[in-house]
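Trainee: Contents of work_23.txt (compact mmCIF, C-alpha atoms):
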# COMPACT_ATOMS: atom_id res chain seq x y z
CA MET O 96 16.09 -10.74 29.98
CA ASP O 97 14.23 -7.69 28.89
CA ALA O 98 11.91 -8.43 25.99
CA ALA O 99 13.26 -5.50 24.04
CA ALA O 100 16.77 -6.91 24.35
CA GLN O 101 15.92 -10.24 22.74
CA PRO O 102 17.32 -10.38 19.24
CA THR O 103 14.76 -11.15 16.58
CA PRO O 104 15.84 -13.64 13.95
CA ASP O 105 17.15 -12.41 10.65
CA TYR O 106 15.25 -12.99 7.45
CA PRO O 107 16.39 -15.92 5.30
CA ARG O 108 17.95 -15.21 1.94
CA THR O 109 16.05 -16.67 -0.97
CA THR O 110 16.68 -16.64 -4.69
CA ARG O 111 14.16 -13.83 -4.98
CA THR O 112 15.78 -11.71 -2.28
CA THR O 113 19.36 -12.20 -3.43
CA PRO O 114 20.21 -9.39 -5.84
CA THR O 115 21.89 -10.29 -9.10
CA ARG O 116 24.29 -7.40 -8.54
CA ARG O 117 25.41 -5.10 -5.73
CA ALA O 118 24.79 -7.94 -3.28
CA ASP O 119 27.00 -5.98 -0.88
CA ARG O 120 24.11 -3.57 -0.44
CA ALA O 121 21.63 -6.26 0.63
CA ARG O 122 20.65 -6.62 4.29
CA TYR O 123 18.63 -9.38 5.94
CA ASP O 124 18.84 -8.49 9.61
CA SER O 125 15.51 -7.63 11.13
CA ALA O 126 16.90 -4.52 12.86
CA THR O 127 17.75 -2.92 9.51
CA VAL O 128 14.60 -4.12 7.77
CA HIS O 129 12.31 -2.98 10.57
CA ALA O 130 14.02 0.39 11.02
CA ILE O 131 13.46 1.20 7.33
CA LEU O 132 9.84 0.08 7.47
CA ASP O 133 9.28 2.12 10.63
CA ALA O 134 10.70 5.29 9.07
CA GLU O 135 8.12 5.53 6.28
CA PHE O 136 4.38 5.25 5.82
CA VAL O 137 3.90 5.08 2.03
CA CYS O 138 4.68 1.82 0.27
CA HIS O 139 4.32 0.67 -3.31
CA LEU O 140 2.11 -2.38 -3.59
CA GLY O 141 2.66 -4.61 -6.60
CA PHE O 142 0.26 -7.27 -7.80
CA VAL O 143 -0.70 -8.99 -11.01
CA ALA O 144 -4.03 -8.20 -12.64
CA ASP O 145 -5.01 -9.95 -15.86
CA GLY O 146 -1.42 -11.04 -16.25
CA ALA O 147 -0.02 -7.51 -16.06
CA PRO O 148 1.87 -5.87 -13.22
CA VAL O 149 0.19 -3.09 -11.26
CA VAL O 150 2.02 -0.85 -8.78
CA LEU O 151 0.02 1.48 -6.54
CA PRO O 152 1.08 3.72 -3.68
CA THR O 153 -0.71 3.05 -0.43
CA LEU O 154 -0.31 3.42 3.32
CA TYR O 155 1.07 0.55 5.36
CA ALA O 156 1.92 -0.33 8.94
CA ARG O 157 4.42 -2.77 10.38
CA VAL O 158 3.44 -4.79 13.45
CA ASP O 159 6.17 -7.22 14.50
CA ARG O 160 6.86 -9.37 11.44
CA ARG O 161 3.72 -8.42 9.57
CA LEU O 162 2.68 -5.62 7.26
CA TYR O 163 -0.88 -4.35 7.14
CA LEU O 164 -2.51 -2.51 4.25
CA HIS O 165 -6.05 -1.30 3.93
CA GLY O 166 -8.46 -0.01 1.35
CA SER O 167 -12.03 0.19 0.31
CA THR O 168 -13.70 -3.19 0.04
CA GLY O 169 -14.86 -2.07 -3.40
CA SER O 170 -11.45 -1.10 -4.75
CA ARG O 171 -9.72 -3.14 -7.42
CA PRO O 172 -6.59 -3.98 -5.42
CA MET O 173 -8.53 -5.13 -2.39
CA ARG O 174 -10.74 -7.33 -4.55
CA THR O 175 -7.80 -8.62 -6.59
CA ILE O 176 -5.14 -9.56 -4.12
CA ASP O 177 -6.73 -11.54 -1.29
CA GLY O 178 -4.84 -14.85 -1.39
CA GLU O 179 -2.62 -13.65 -4.23
CA ARG O 180 1.08 -12.93 -4.45
CA VAL O 181 2.10 -9.34 -3.81
CA CYS O 182 5.31 -7.38 -3.53
CA VAL O 183 5.47 -4.45 -1.12
CA THR O 184 8.35 -2.03 -1.51
CA VAL O 185 9.34 0.89 0.71
CA THR O 186 12.03 3.32 -0.42
CA ILE O 187 13.67 6.23 1.38
CA PRO O 188 16.06 8.41 -0.68
CA ASP O 189 18.87 9.82 1.48
CA GLY O 190 21.15 11.59 -0.96
CA ILE O 191 21.98 12.48 -4.53
CA VAL O 192 25.41 11.16 -5.47
CA LEU O 193 27.03 13.31 -8.14
CA ALA O 194 30.06 11.55 -9.57
CA ARG O 195 32.53 12.86 -12.12
CA ALA O 196 31.42 10.09 -14.49
CA ALA O 197 27.82 10.05 -15.71
CA MET O 198 27.56 6.32 -15.11
CA HIS O 199 28.55 6.61 -11.46
CA HIS O 200 25.76 9.00 -10.58
CA SER O 201 23.67 7.33 -7.95
CA VAL O 202 21.33 7.82 -5.04
CA ASN O 203 21.90 7.00 -1.39
CA TYR O 204 18.82 5.21 -0.21
CA ARG O 205 17.29 2.62 2.06
CA SER O 206 14.68 0.24 0.68
CA VAL O 207 12.82 -2.88 1.71
CA VAL O 208 11.19 -5.36 -0.64
CA ALA O 209 8.76 -7.91 0.81
CA HIS O 210 7.32 -10.79 -1.19
CA GLY O 211 4.44 -13.02 -0.18
CA ILE O 212 0.76 -13.77 -0.28
CA ALA O 213 -1.65 -11.17 1.01
CA HIS O 214 -4.51 -12.37 3.19
CA ARG O 215 -7.68 -10.54 4.10
CA VAL O 216 -7.98 -9.98 7.85
CA THR O 217 -11.43 -10.68 9.24
CA ASP O 218 -10.77 -11.22 12.95
CA PRO O 219 -12.10 -8.11 14.71
CA ALA O 220 -9.26 -7.93 17.23
CA GLU O 221 -6.59 -8.18 14.56
CA ARG O 222 -8.42 -5.64 12.41
CA ALA O 223 -8.44 -3.20 15.32
CA VAL O 224 -4.69 -3.67 15.85
CA ALA O 225 -4.05 -3.17 12.15
CA LEU O 226 -6.19 -0.05 11.79
CA ASP O 227 -4.62 1.53 14.88
CA ALA O 228 -1.18 0.71 13.53
CA LEU O 229 -2.00 2.26 10.15
CA VAL O 230 -2.87 5.54 11.85
CA ASP O 231 0.14 5.39 14.17
CA GLN O 232 2.52 4.65 11.31
CA VAL O 233 1.67 8.07 9.86
CA ALA O 234 1.51 9.91 13.20
CA PRO O 235 2.74 7.89 16.19
CA GLY O 236 0.32 8.23 19.10
CA ARG O 237 -2.58 9.36 16.96
CA SER O 238 -4.71 6.20 17.19
CA ALA O 239 -5.47 6.99 20.84
CA ASP O 240 -6.65 10.48 19.91
CA CYS O 241 -9.28 10.02 17.21
CA ARG O 242 -12.64 8.34 16.76
CA PRO O 243 -12.22 4.61 15.99
CA ALA O 244 -14.00 3.11 13.02
CA ASN O 245 -17.69 2.43 13.49
CA ALA O 246 -19.55 -0.59 12.15
CA LYS O 247 -20.37 1.06 8.83
CA GLU O 248 -16.77 2.14 8.31
CA HIS O 249 -15.51 -1.33 9.21
CA ALA O 250 -17.84 -2.84 6.63
CA MET O 251 -16.39 -0.56 3.96
CA THR O 252 -12.76 -1.25 4.83
CA ALA O 253 -10.68 -4.24 3.83
CA VAL O 254 -7.53 -5.00 5.81
CA LEU O 255 -4.80 -7.11 4.28
CA ARG O 256 -1.88 -8.79 6.01
CA LEU O 257 1.46 -9.70 4.48
CA ASP O 258 3.64 -11.80 6.74
CA LEU O 259 7.27 -10.76 6.56
CA ASP O 260 8.86 -14.04 5.53
CA GLU O 261 10.65 -13.32 2.28
CA VAL O 262 12.06 -9.84 2.75
CA SER O 263 15.29 -7.96 2.27
CA ALA O 264 16.65 -4.47 2.56
CA LYS O 265 19.04 -2.69 0.25
CA VAL O 266 21.10 0.24 1.45
CA ARG O 267 23.50 2.60 -0.28
CA THR O 268 25.33 5.07 1.92
CA GLY O 269 28.44 7.16 1.69
CA ALA O 270 30.40 8.91 -0.93
CA VAL O 271 30.98 9.12 -4.64
CA ALA O 272 32.54 6.01 -6.21
CA ASP O 273 34.40 7.35 -9.23
CA GLU O 274 37.06 5.55 -11.23
CA PRO O 275 40.59 6.42 -10.05
CA GLU O 276 41.47 7.81 -13.47
CA ASP O 277 38.52 10.23 -13.28
CA LEU O 278 39.53 11.92 -10.03
CA GLU O 279 41.44 14.68 -11.83
CA LEU O 280 38.49 15.69 -13.99
CA PRO O 281 37.34 19.27 -13.37
CA HIS O 282 33.74 18.40 -12.45
CA TRP O 283 32.40 19.06 -8.98
CA ALA O 284 31.60 15.80 -7.20
CA GLY O 285 29.90 15.05 -3.94
CA VAL O 286 26.67 14.14 -2.23
CA ILE O 287 23.59 16.30 -1.74
CA PRO O 288 21.66 15.10 1.32
CA VAL O 289 17.97 14.46 0.80
CA ARG O 290 15.49 14.35 3.61
CA ARG O 291 11.78 14.63 4.25
CA THR O 292 10.70 17.52 6.40
CA LEU O 293 7.37 18.27 7.97
CA GLY O 294 5.96 21.77 7.90
CA ALA O 295 3.99 23.59 10.54
CA PRO O 296 0.65 21.83 11.15
CA VAL O 297 -2.29 23.61 9.50
CA PRO O 298 -5.38 23.35 11.74
CA ASP O 299 -8.65 22.37 10.13
CA GLY O 300 -10.91 25.33 9.49
CA ALA O 301 -13.69 23.81 11.61
CA LEU O 302 -11.41 23.25 14.61
CA ALA O 303 -12.58 25.07 17.74
CA ALA O 304 -10.40 28.11 18.39
CA GLY O 305 -7.70 27.40 20.93
CA THR O 306 -7.63 23.62 20.41
CA PRO O 307 -4.04 22.84 21.34
CA LEU O 308 -1.72 20.84 19.12
CA PRO O 309 -1.36 17.46 20.84
CA GLY O 310 2.00 16.56 22.33
CA TYR O 311 2.60 13.67 19.93
CA LEU O 312 2.50 16.17 17.05
CA SER O 313 4.37 19.04 18.69
CA HIS O 314 7.83 17.66 17.95
CA ARG O 315 6.89 17.64 14.28
CA ALA O 316 5.92 21.30 14.21
CA MET I 115 2.73 29.84 -32.47
CA ASP I 116 5.49 29.23 -30.03
CA ALA I 117 6.28 25.54 -29.70
CA ALA I 118 6.12 25.71 -25.94
CA ALA I 119 2.62 27.10 -26.16
CA GLN I 120 1.20 24.19 -28.13
CA PRO I 121 -0.99 22.05 -25.92
CA THR I 122 -0.01 18.42 -25.81
CA PRO I 123 -2.87 15.95 -26.02
CA ASP I 124 -4.26 14.42 -22.88
CA TYR I 125 -3.86 10.74 -22.15
CA PRO I 126 -6.84 8.52 -22.97
CA ARG I 127 -8.73 6.87 -20.15
CA THR I 128 -8.66 3.11 -20.25
CA THR I 129 -10.19 0.48 -18.01
CA ARG I 130 -6.84 0.10 -16.34
CA THR I 131 -6.39 3.80 -15.68
CA THR I 132 -9.92 4.44 -14.44
CA PRO I 133 -9.94 4.02 -10.67
CA THR I 134 -12.66 1.91 -9.12
CA ARG I 135 -13.10 4.60 -6.49
CA ARG I 136 -12.11 8.23 -5.89
CA ALA I 137 -12.30 8.80 -9.61
CA ASP I 138 -12.52 12.52 -8.78
CA ARG I 139 -8.83 12.37 -7.93
CA ALA I 140 -7.78 11.00 -11.33
CA ARG I 141 -6.13 13.27 -13.89
CA TYR I 142 -5.34 12.57 -17.53
CA ASP I 143 -4.06 15.89 -18.79
CA SER I 144 -0.46 15.81 -19.86
CA ALA I 145 0.39 18.99 -17.97
CA THR I 146 -0.47 17.38 -14.64
CA VAL I 147 1.07 14.02 -15.51
CA HIS I 148 4.30 15.55 -16.78
CA ALA I 149 4.65 18.00 -13.89
CA ILE I 150 4.47 15.13 -11.39
CA LEU I 151 6.97 13.05 -13.36
CA ASP I 152 9.32 16.04 -13.62
CA ALA I 153 9.24 16.69 -9.87
CA GLU I 154 10.73 13.32 -8.88
CA PHE I 155 13.55 11.03 -9.90
CA VAL I 156 12.81 7.75 -8.09
CA CYS I 157 10.08 5.52 -9.50
CA HIS I 158 8.83 2.09 -8.54
CA LEU I 159 9.11 -0.37 -11.43
CA GLY I 160 6.74 -3.30 -11.38
CA PHE I 161 7.09 -6.41 -13.50
CA VAL I 162 6.16 -10.06 -13.37
CA ALA I 163 8.85 -12.68 -12.77
CA ASP I 164 7.91 -16.35 -12.67
CA GLY I 165 4.30 -15.32 -12.32
CA ALA I 166 4.91 -13.18 -9.25
CA PRO I 167 4.92 -9.39 -8.98
CA VAL I 168 8.21 -7.62 -8.32
CA VAL I 169 8.48 -3.92 -7.40
CA LEU I 170 11.89 -2.27 -7.34
CA PRO I 171 12.89 1.36 -6.83
CA THR I 172 14.95 2.82 -9.64
CA LEU I 173 15.85 6.10 -11.27
CA TYR I 174 13.90 7.32 -14.27
CA ALA I 175 13.74 10.21 -16.69
CA ARG I 176 10.90 11.66 -18.70
CA VAL I 177 11.58 12.85 -22.25
CA ASP I 178 8.43 14.08 -23.99
CA ARG I 179 5.96 11.20 -23.82
CA ARG I 180 8.50 8.55 -22.93
CA LEU I 181 10.09 7.28 -19.73
CA TYR I 182 13.62 5.93 -19.66
CA LEU I 183 15.06 3.56 -17.09
CA HIS I 184 18.50 2.04 -16.94
CA GLY I 185 20.38 -0.68 -15.18
CA SER I 186 23.16 -3.18 -15.44
CA THR I 187 22.84 -5.47 -18.44
CA GLY I 188 23.38 -8.33 -15.98
CA SER I 189 20.64 -7.38 -13.55
CA ARG I 190 17.47 -9.41 -13.22
CA PRO I 191 15.04 -6.63 -14.10
CA MET I 192 16.92 -5.61 -17.21
CA ARG I 193 17.09 -9.23 -18.40
CA THR I 194 13.46 -9.89 -17.47
CA ILE I 195 11.49 -6.99 -18.81
CA ASP I 196 12.63 -6.25 -22.35
CA GLY I 197 9.45 -6.66 -24.38
CA GLU I 198 7.37 -7.39 -21.29
CA ARG I 199 4.61 -5.50 -19.55
CA VAL I 200 5.68 -3.14 -16.79
CA CYS I 201 4.04 -0.63 -14.50
CA VAL I 202 6.01 2.44 -13.48
CA THR I 203 4.69 4.45 -10.55
CA VAL I 204 5.90 7.78 -9.17
CA THR I 205 4.54 9.09 -5.89
CA ILE I 206 5.09 12.40 -4.10
CA PRO I 207 3.60 12.76 -0.61
CA ASP I 208 2.56 16.35 0.13
CA GLY I 209 0.85 16.20 3.49
CA ILE I 210 -0.40 14.12 6.38
CA VAL I 211 -4.15 14.55 6.81
CA LEU I 212 -5.21 14.03 10.42
CA ALA I 213 -8.96 13.71 10.66
CA ARG I 214 -11.09 13.40 13.76
CA ALA I 215 -12.17 9.95 12.57
CA ALA I 216 -9.54 7.23 12.20
CA MET I 217 -10.98 6.16 8.84
CA HIS I 218 -10.64 9.65 7.37
CA HIS I 219 -6.93 9.88 8.01
CA SER I 220 -5.26 10.31 4.66
CA VAL I 221 -2.28 11.66 2.80
CA ASN I 222 -2.13 14.51 0.32
CA TYR I 223 -0.11 13.26 -2.61
CA ARG I 224 0.51 13.37 -6.32
CA SER I 225 1.14 10.12 -8.18
CA VAL I 226 1.47 8.85 -11.73
CA VAL I 227 0.96 5.27 -12.85
CA ALA I 228 2.13 4.27 -16.33
CA HIS I 229 1.37 0.92 -17.91
CA GLY I 230 2.97 -0.52 -21.01
CA ILE I 231 5.61 -2.66 -22.58
CA ALA I 232 9.25 -1.84 -21.90
CA HIS I 233 11.62 -1.96 -24.83
CA ARG I 234 15.38 -2.09 -24.77
CA VAL I 235 16.95 0.94 -26.47
CA THR I 236 19.87 0.10 -28.74
CA ASP I 237 20.08 3.15 -31.02
CA PRO I 238 23.19 5.06 -29.90
CA ALA I 239 21.63 8.50 -30.35
CA GLU I 240 18.55 7.58 -28.33
CA ARG I 241 20.70 5.95 -25.65
CA ALA I 242 22.70 9.17 -25.33
CA VAL I 243 19.53 11.22 -24.95
CA ALA I 244 18.21 8.79 -22.35
CA LEU I 245 21.40 8.64 -20.29
CA ASP I 246 21.72 12.43 -20.28
CA ALA I 247 18.09 12.72 -19.23
CA LEU I 248 18.58 10.24 -16.39
CA VAL I 249 21.38 12.40 -14.98
CA ASP I 250 19.47 15.63 -15.53
CA GLN I 251 16.33 14.26 -13.88
CA VAL I 252 18.29 13.97 -10.63
CA ALA I 253 20.25 17.21 -11.05
CA PRO I 254 19.07 19.42 -13.91
CA GLY I 255 22.05 20.66 -15.92
CA ARG I 256 24.41 18.00 -14.67
CA SER I 257 24.70 15.96 -17.89
CA ALA I 258 26.73 18.78 -19.47
CA ASP I 259 29.15 18.78 -16.53
CA CYS I 260 30.36 15.19 -16.18
CA ARG I 261 32.20 12.58 -18.20
CA PRO I 262 29.84 10.79 -20.60
CA ALA I 263 29.74 7.01 -20.64
CA ASN I 264 32.62 5.33 -22.48
CA ALA I 265 32.32 2.23 -24.66
CA LYS I 266 32.88 -0.16 -21.77
CA GLU I 267 30.27 1.56 -19.61
CA HIS I 268 27.79 1.60 -22.51
CA ALA I 269 28.26 -2.14 -22.92
CA MET I 270 27.43 -2.69 -19.26
CA THR I 271 24.32 -0.50 -19.26
CA ALA I 272 20.88 -1.40 -20.49
CA VAL I 273 18.45 1.41 -21.30
CA LEU I 274 14.72 0.74 -21.37
CA ARG I 275 11.96 2.88 -22.83
CA LEU I 276 8.34 2.96 -21.78
CA ASP I 277 6.14 5.01 -24.07
CA LEU I 278 3.58 7.03 -22.14
CA ASP I 279 0.39 5.75 -23.73
CA GLU I 280 -1.65 4.33 -20.87
CA VAL I 281 -1.00 6.68 -18.00
CA SER I 282 -2.90 8.57 -15.34
CA ALA I 283 -2.24 10.77 -12.36
CA LYS I 284 -3.99 10.77 -9.03
CA VAL I 285 -3.96 13.82 -6.80
CA ARG I 286 -5.29 14.51 -3.32
CA THR I 287 -4.98 18.06 -2.06
CA GLY I 288 -6.60 20.15 0.56
CA ALA I 289 -8.12 19.72 3.94
CA VAL I 290 -9.53 17.14 6.30
CA ALA I 291 -12.78 15.49 5.14
CA ASP I 292 -14.52 14.51 8.37
CA GLU I 293 -18.16 13.57 8.77
CA PRO I 294 -20.33 16.52 9.79
CA GLU I 295 -21.33 14.75 13.02
CA ASP I 296 -17.66 14.40 14.00
CA LEU I 297 -16.79 18.09 13.84
CA GLU I 298 -17.53 18.64 17.52
CA LEU I 299 -15.18 15.87 18.68
CA PRO I 300 -12.32 17.15 20.85
CA HIS I 301 -9.50 15.79 18.67
CA TRP I 302 -7.09 18.13 16.91
CA ALA I 303 -7.52 17.92 13.15
CA GLY I 304 -5.56 19.38 10.30
CA VAL I 305 -2.85 18.83 7.75
CA ILE I 306 0.90 18.54 8.33
CA PRO I 307 2.75 19.56 5.16
CA VAL I 308 5.35 17.10 3.91
CA ARG I 309 8.15 18.10 1.59
CA ARG I 310 11.52 16.92 0.43
CA THR I 311 14.43 19.18 1.25
CA LEU I 312 18.00 19.07 0.04
CA GLY I 313 20.86 19.64 2.46
CA ALA I 314 24.11 21.46 1.90
CA PRO I 315 26.17 19.65 -0.77
CA VAL I 316 29.02 17.59 0.74
CA PRO I 317 32.08 17.77 -1.56
CA ASP I 318 33.84 14.52 -2.38
CA GLY I 319 36.99 14.05 -0.31
CA ALA I 320 39.14 13.80 -3.42
CA LEU I 321 37.83 17.06 -4.87
CA ALA I 322 40.54 19.66 -5.47
CA ALA I 323 40.39 22.37 -2.85
CA GLY I 324 38.52 25.40 -4.05
CA THR I 325 36.48 23.61 -6.71
CA PRO I 326 33.37 25.80 -6.84
CA LEU I 327 29.88 24.41 -6.54
CA PRO I 328 28.42 24.69 -10.05
CA GLY I 329 25.63 27.14 -10.62
CA TYR I 330 23.05 24.46 -11.45
CA LEU I 331 23.55 23.08 -7.91
CA SER I 332 23.83 26.34 -6.03
CA HIS I 333 20.10 26.93 -5.78
CA ARG I 334 19.83 23.57 -4.03
CA ALA I 335 22.36 24.41 -1.34
Kindly return the structure encoded in the file as structure tokens.

Mentor:
Amino acid sequence: MDAAAQPTPDYPRTTRTTPTRRADRARYDSATVHAILDAEFVCHLGFVADGAPVVLPTLYARVDRRLYLHGSTGSRPMRTIDGERVCVTVTIPDGIVLARAAMHHSVNYRSVVAHGIAHRVTDPAERAVALDALVDQVAPGRSADCRPANAKEHAMTAVLRLDLDEVSAKVRTGAVADEPEDLELPHWAGVIPVRRTLGAPVPDGALAAGTPLPGYLSHRA
Amino acid sequence: MDAAAQPTPDYPRTTRTTPTRRADRARYDSATVHAILDAEFVCHLGFVADGAPVVLPTLYARVDRRLYLHGSTGSRPMRTIDGERVCVTVTIPDGIVLARAAMHHSVNYRSVVAHGIAHRVTDPAERAVALDALVDQVAPGRSADCRPANAKEHAMTAVLRLDLDEVSAKVRTGAVADEPEDLELPHWAGVIPVRRTLGAPVPDGALAAGTPLPGYLSHRA
């Protein structure tokens, strides 16, 4: 059997990953969870500092059933969260849902919420995998076409791992969900698609004239 | 003096809103903070539940120096956070920064992080302002062109306010920041612009034929 064809196990539901409402939008299958994580590169990292919640945007990478984050060894989050509980959330808006009723306005979206304990990665081989993955999450193929971190840069960079154990996705798709008695109201209703687009790459001013755009970026141009 | 011309005070720096690094990217002026908040409609709400951090995506609206959030009165966040500390973070990616060195890969972005205590809004007039603002944040002008919440919907909907007291923005713009000794490396370097685009509105299937797209949506088509 081809390795790619082997199903990966779904994620278990826990109290924390079972929504109190709209449970019909929750997903626990690894295909859905991983596809959402693979479609983004910015997450929101939540942790507790001095008893208060802190949420910061940061880059992430998924490798199998693990997430990797990185940051300066001197930064507050990196110093705070090694061995501590975190929550990492990734959200992709897909559409603006304009209903006839104010209360039925909504957003089509895909999100993943992962709970767990973050651990500092010190093994050099795992750090190399994580740092390559962080670059490739933003621009697939890029890690093979840049200068890897040197010893000084490694010393300045903390890598954190969050194992994907307690994780769920939530997905809203489709149309407006108005009340039947509202369908005759005169207001326009429908969905406005939302997507992220990438513009034409802007070469660095110091780039040698004629340096070609690499193939792994050309499809994004 | 025209009211619109009066400068609003900047936000004070606090320990919590002073970054431990890249302090040059921090902004405290209300013009920057408000412009970022006004350009988005999805935030990430962080709170502490049973001692653990939770980060959930949700809609928000800014009104003056306040943020409003809403949700089902039965949902876990709405039951958990009234009177509790929250952190609300809004992030807009603007570009992928591809440096010659792996460690200098970055993202151009604008973000706002607001800390404070969330309070449930019960005053009917303030609730109406908040619910209109939540609709208008997603589609400016829409609150005047839909059915307002009825008594039953009001009873099901919790509105939360976070006063913007302890808040900061962080902004990265511009070009690649490689080391001088890396500039001769053969790797392509530059910035790929990232933006959100809206697709052509998809009318609801039950919409009467010929219902025109309202003017406040036409510029988004």

Trainee: Got a sec: who's within 12 Å of Glu276 (chain O), counting all atoms listed in the file, leaving out chain neighbours fewer than 3 positions off, as an MDAnalysis selection string?

Mentor: (chainID O and resid 195:196 272:273 279:280) or (chainID I and resid 261 320)

Trainee: Would you mind listing what lies within 9 Å of Ile187 (chain O) as number ranges by chain, with all atoms listed in the file counted and same-chain residues fewer than 5 positions away left out?

Mentor: O: 131, 134-135, 203-206, 290

Trainee: Which is closest to chain I among O:Ser201, O:Ser125, O:Thr217, O:Thr292, if we use only C-alpha atoms?

Mentor: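 Going through O:Ser201, O:Ser125, O:Thr217, O:Thr292 one by one, the smallest distance to chain I is for O:Thr292.
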
Trainee: Which of these residues is nearest to Ala253 (chain I), using only C-alpha atoms: I:Asp196, I:Asp152, I:Asp237, I:Asp138?

Mentor: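 Looking only at the distances to Ala253 (chain I), the closest residue turns out to be I:Asp152.
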
Trainee: For chain O, which residue among I:Val147, I:Leu170, I:Ala140, I:Met192 is the nearest when counting all atoms listed in the file?

Mentor: I:Leu170

Trainee: Got a sec to check which residues sit within 9 Å of (4.2, -0.2, -19.6), counting only C-alpha atoms, and write them as JSON, numbers by chain?

Mentor: {"O": [148], "I": [198, 199, 200, 201, 202, 228, 229, 230, 231, 232, 275, 276, 277, 278, 279, 280, 281]}

Trainee: Quick one: everything within 7 Å of region 132-137 of chain I, counting only C-alpha atoms, minus sequence neighbours fewer than 5 positions away in the same chain. Send it as a ChimeraX atom specification.

Mentor: /O:170-171 /I:127

Trainee: Mind filling out region 238-243 of chain O with all heavy atoms and sending it as a CSV table (one decimal), in the frame of the given file?

Mentor:
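The resulting out_31.csv:
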chain,number,residue,atom,x,y,z
O,238,SER,N,-3.6,7.1,17.1
O,238,SER,CA,-4.7,6.2,17.2
O,238,SER,C,-5.5,6.4,18.5
O,238,SER,O,-6.7,6.1,18.5
O,238,SER,CB,-4.3,4.8,17.0
O,238,SER,OG,-3.5,4.3,18.1
O,239,ALA,N,-4.8,6.8,19.6
O,239,ALA,CA,-5.5,7.0,20.8
O,239,ALA,C,-6.2,8.3,20.9
O,239,ALA,O,-6.9,8.6,21.9
O,239,ALA,CB,-4.5,6.9,22.0
O,240,ASP,N,-6.1,9.1,19.9
O,240,ASP,CA,-6.6,10.5,19.9
O,240,ASP,C,-7.5,10.7,18.6
O,240,ASP,O,-7.3,11.7,17.9
O,240,ASP,CB,-5.5,11.5,20.1
O,240,ASP,CG,-6.1,13.0,20.2
O,240,ASP,OD1,-7.2,13.1,20.7
O,240,ASP,OD2,-5.3,13.9,19.8
O,241,CYS,N,-8.3,9.8,18.3
O,241,CYS,CA,-9.3,10.0,17.2
O,241,CYS,C,-10.4,9.0,17.4
O,241,CYS,O,-10.4,8.2,18.3
O,241,CYS,CB,-8.6,9.8,15.8
O,241,CYS,SG,-7.9,8.2,15.6
O,242,ARG,N,-11.5,9.2,16.6
O,242,ARG,CA,-12.6,8.3,16.8
O,242,ARG,C,-12.4,7.0,16.0
O,242,ARG,O,-12.1,7.1,14.8
O,242,ARG,CB,-13.9,9.0,16.2
O,242,ARG,CG,-15.1,8.1,16.2
O,242,ARG,CD,-16.4,8.7,15.7
O,242,ARG,NE,-16.4,9.0,14.3
O,242,ARG,CZ,-16.4,8.1,13.3
O,242,ARG,NH1,-16.3,6.8,13.6
O,242,ARG,NH2,-16.4,8.5,12.0
O,243,PRO,N,-12.4,5.9,16.7
O,243,PRO,CA,-12.2,4.6,16.0
O,243,PRO,C,-13.3,4.4,15.0
O,243,PRO,O,-14.4,5.0,15.0
O,243,PRO,CB,-12.3,3.6,17.1
O,243,PRO,CG,-12.2,4.3,18.4
O,243,PRO,CD,-12.7,5.7,18.1
